[in-house]
Amino acid sequence: MLLKKLTSKQTYINITAVQYYKHFAPFKPGTVVDLIKEPDNKHDPFAIRVEINGETVGYVADSKYTLIKEVKSAAEIRNFKSTQAEVLFILFEEWVIAKLI
């Protein structure tokens, strides 16, 4: 398994599009982010915006180009009751990995 730190008992996501906001600066292990569903998003009806203190810092990955094997897509978690996730780590300076809480 690529991400040995992950366990099957948790639900993990990848936060993407961070380069359009503040890059990796706001993402430290333990940081709690808010997950905001955007059903009216004209580009992706499954879009889930990621915020820290009310400021957009990225989106939950929902594309084969932004997902890795061990994480769930925005479409897969859209019916979950979780509205927050905890940042675990940044993988290869490319992916922000978080778990739903």
# chains A, B, ... in the order shown; residues from 1 in each chain; ligands from 1
>>> select_by_dssp(residues="chain A", states="strand (DSSP E)", output="ChimeraX atom specification")
/A:12-16,32-37,48-52,55-60,84-91,95-100
>>> residues_around(residues="Thr56 of chain A", least_positions_apart="5", cutoff="10 Å", atoms="only C-alpha atoms", output="PyMOL selection string")
chain A and resi 18+20-22+33-36+49-51
>>> write_last_selection(atoms="all heavy atoms", output="short mmCIF file (atom, residue, chain, number, x, y, z; two decimals), in the first residue's frame")
data_model
loop_
_atom_site.label_atom_id
_atom_site.label_comp_id
_atom_site.auth_asym_id
_atom_site.auth_seq_id
_atom_site.Cartn_x
_atom_site.Cartn_y
_atom_site.Cartn_z
N VAL A 18 -5.11 23.33 -4.47
CA VAL A 18 -4.52 24.23 -3.49
C VAL A 18 -3.65 25.30 -4.14
O VAL A 18 -3.48 26.39 -3.60
CB VAL A 18 -3.73 23.47 -2.41
CG1 VAL A 18 -4.64 22.51 -1.66
CG2 VAL A 18 -2.53 22.73 -2.98
N TYR A 20 -4.35 27.19 -6.46
CA TYR A 20 -5.16 28.35 -6.82
C TYR A 20 -5.48 29.22 -5.61
O TYR A 20 -6.11 30.26 -5.74
CB TYR A 20 -6.45 27.92 -7.50
CG TYR A 20 -6.20 27.14 -8.75
CD1 TYR A 20 -6.50 25.78 -8.81
CD2 TYR A 20 -5.63 27.74 -9.86
CE1 TYR A 20 -6.25 25.04 -9.97
CE2 TYR A 20 -5.37 27.01 -11.02
CZ TYR A 20 -5.69 25.67 -11.05
OH TYR A 20 -5.43 24.95 -12.19
N TYR A 21 -5.09 28.78 -4.43
CA TYR A 21 -5.40 29.50 -3.20
C TYR A 21 -4.12 29.83 -2.46
O TYR A 21 -3.43 30.76 -2.83
CB TYR A 21 -6.40 28.68 -2.36
CG TYR A 21 -7.67 28.41 -3.15
CD1 TYR A 21 -7.87 27.21 -3.82
CD2 TYR A 21 -8.64 29.41 -3.29
CE1 TYR A 21 -9.01 26.99 -4.58
CE2 TYR A 21 -9.77 29.19 -4.06
CZ TYR A 21 -9.95 27.98 -4.70
OH TYR A 21 -11.06 27.77 -5.47
N LYS A 22 -3.77 29.10 -1.45
CA LYS A 22 -2.58 29.40 -0.64
C LYS A 22 -1.54 28.29 -0.68
O LYS A 22 -0.73 28.19 0.23
CB LYS A 22 -3.00 29.68 0.80
CG LYS A 22 -3.88 30.91 0.92
CD LYS A 22 -4.15 31.23 2.35
CE LYS A 22 -4.94 32.51 2.40
NZ LYS A 22 -4.52 33.37 3.46
N VAL A 33 -10.27 21.13 8.70
CA VAL A 33 -10.84 21.90 7.60
C VAL A 33 -12.34 21.64 7.52
O VAL A 33 -12.81 20.57 7.93
CB VAL A 33 -10.17 21.55 6.24
CG1 VAL A 33 -8.68 21.87 6.28
CG2 VAL A 33 -10.38 20.09 5.87
N ASP A 34 -13.06 22.62 7.03
CA ASP A 34 -14.50 22.48 6.83
C ASP A 34 -14.78 22.03 5.40
O ASP A 34 -14.12 22.50 4.46
CB ASP A 34 -15.22 23.81 7.11
CG ASP A 34 -15.08 24.23 8.56
OD1 ASP A 34 -15.32 23.38 9.45
OD2 ASP A 34 -14.74 25.41 8.81
N LEU A 35 -15.76 21.15 5.24
CA LEU A 35 -16.14 20.63 3.94
C LEU A 35 -17.52 21.18 3.60
O LEU A 35 -18.49 20.92 4.30
CB LEU A 35 -16.16 19.10 3.97
CG LEU A 35 -14.87 18.43 4.44
CD1 LEU A 35 -15.06 16.92 4.52
CD2 LEU A 35 -13.71 18.79 3.53
N ILE A 36 -17.59 21.95 2.51
CA ILE A 36 -18.82 22.63 2.11
C ILE A 36 -19.28 22.09 0.76
O ILE A 36 -18.59 22.28 -0.26
CB ILE A 36 -18.59 24.16 1.98
CG1 ILE A 36 -17.80 24.74 3.15
CG2 ILE A 36 -19.92 24.87 1.74
CD1 ILE A 36 -18.41 24.61 4.50
N ARG A 49 -16.12 22.09 -1.46
CA ARG A 49 -15.12 23.12 -1.19
C ARG A 49 -14.48 22.87 0.18
O ARG A 49 -15.15 22.43 1.12
CB ARG A 49 -15.79 24.50 -1.22
CG ARG A 49 -14.88 25.68 -1.10
CD ARG A 49 -15.60 27.01 -1.28
NE ARG A 49 -16.55 27.27 -0.20
CZ ARG A 49 -17.87 27.27 -0.32
NH1 ARG A 49 -18.45 26.99 -1.49
NH2 ARG A 49 -18.64 27.53 0.71
N VAL A 50 -13.20 23.16 0.30
CA VAL A 50 -12.48 23.01 1.56
C VAL A 50 -12.13 24.40 2.07
O VAL A 50 -11.55 25.21 1.34
CB VAL A 50 -11.20 22.17 1.35
CG1 VAL A 50 -10.42 22.06 2.65
CG2 VAL A 50 -11.54 20.78 0.83
N GLU A 51 -12.51 24.66 3.33
CA GLU A 51 -12.26 25.97 3.93
C GLU A 51 -11.52 25.82 5.26
O GLU A 51 -11.69 24.83 5.97
CB GLU A 51 -13.57 26.71 4.20
CG GLU A 51 -14.33 27.12 2.98
CD GLU A 51 -15.58 27.93 3.32
OE1 GLU A 51 -15.94 28.04 4.52
OE2 GLU A 51 -16.20 28.46 2.37
#
>>> closest_residue(among="A:Ala25, A:Ala47, A:Ile52, A:Leu91", to="Ile68 of chain A", atoms="only C-alpha atoms")
A:Leu91
>>> select_by_dssp(residues="segment 1-88 of chain A", states="helix (DSSP H, G or I)", output="MDAnalysis selection string")
chainID A and resid 18:20 74:77
>>> write_last_selection(atoms="all heavy atoms", output="compact mmCIF listing (two decimals), in the first residue's frame")
# COMPACT_ATOMS: atom_id res chain seq x y z
N VAL A 18 -5.11 23.33 -4.47
CA VAL A 18 -4.52 24.23 -3.49
C VAL A 18 -3.65 25.30 -4.14
O VAL A 18 -3.48 26.39 -3.60
CB VAL A 18 -3.73 23.47 -2.41
CG1 VAL A 18 -4.64 22.51 -1.66
CG2 VAL A 18 -2.53 22.73 -2.98
N GLN A 19 -3.13 25.02 -5.32
CA GLN A 19 -2.26 25.98 -6.02
C GLN A 19 -3.03 27.25 -6.42
O GLN A 19 -2.42 28.28 -6.68
CB GLN A 19 -1.59 25.34 -7.24
CG GLN A 19 -2.52 25.02 -8.39
CD GLN A 19 -3.20 23.66 -8.27
OE1 GLN A 19 -3.31 23.07 -7.21
NE2 GLN A 19 -3.68 23.16 -9.40
N TYR A 20 -4.35 27.19 -6.46
CA TYR A 20 -5.16 28.35 -6.82
C TYR A 20 -5.48 29.22 -5.61
O TYR A 20 -6.11 30.26 -5.74
CB TYR A 20 -6.45 27.92 -7.50
CG TYR A 20 -6.20 27.14 -8.75
CD1 TYR A 20 -6.50 25.78 -8.81
CD2 TYR A 20 -5.63 27.74 -9.86
CE1 TYR A 20 -6.25 25.04 -9.97
CE2 TYR A 20 -5.37 27.01 -11.02
CZ TYR A 20 -5.69 25.67 -11.05
OH TYR A 20 -5.43 24.95 -12.19
N ALA A 74 -14.95 13.21 -4.08
CA ALA A 74 -16.05 14.03 -3.58
C ALA A 74 -17.39 13.35 -3.86
O ALA A 74 -18.28 13.36 -3.02
CB ALA A 74 -16.00 15.42 -4.22
N ALA A 75 -17.54 12.74 -5.02
CA ALA A 75 -18.79 12.05 -5.36
C ALA A 75 -19.05 10.89 -4.40
O ALA A 75 -20.20 10.64 -4.03
CB ALA A 75 -18.75 11.55 -6.80
N GLU A 76 -17.98 10.21 -3.97
CA GLU A 76 -18.15 9.06 -3.08
C GLU A 76 -18.52 9.46 -1.66
O GLU A 76 -19.13 8.67 -0.94
CB GLU A 76 -16.86 8.22 -3.06
CG GLU A 76 -16.59 7.51 -4.35
CD GLU A 76 -15.26 6.78 -4.33
OE1 GLU A 76 -14.21 7.45 -4.14
OE2 GLU A 76 -15.28 5.55 -4.50
N ILE A 77 -18.14 10.66 -1.23
CA ILE A 77 -18.43 11.07 0.15
C ILE A 77 -19.58 12.06 0.25
O ILE A 77 -19.91 12.50 1.34
CB ILE A 77 -17.18 11.65 0.86
CG1 ILE A 77 -16.76 12.98 0.24
CG2 ILE A 77 -16.04 10.64 0.87
CD1 ILE A 77 -15.83 13.79 1.11
>>> closest_residue(among="A:Phe27, A:Asp44, A:Lys81, A:Lys9", to="Ser63 of chain A", atoms="only C-alpha atoms")
A:Asp44
>>> atom_distance(atom1="atom CA of Phe89 of chain A", atom2="atom CA of Asn41 of chain A")
27.7 Å
>>> closest_residue(among="A:Val32, A:Val57, A:Val96, A:Ile48", to="Ile15 of chain A", atoms="only C-alpha atoms")
A:Val96
>>> closest_residue(among="A:Lys99, A:Lys69, A:Lys64, A:Arg78", to="Thr31 of chain A", atoms="only C-alpha atoms")
A:Lys99
>>> atom_distance(atom1="atom CA of Leu67 of chain A", atom2="atom CA of Pro39 of chain A")
20.1 Å
>>> atom_distance(atom1="atom CA of Pro29 of chain A", atom2="atom CA of Ile97 of chain A")
9.4 Å
>>> closest_residue(among="A:His23, A:Asn53, A:Thr11, A:Ser82", to="Trp95 of chain A", atoms="only C-alpha atoms")
A:His23
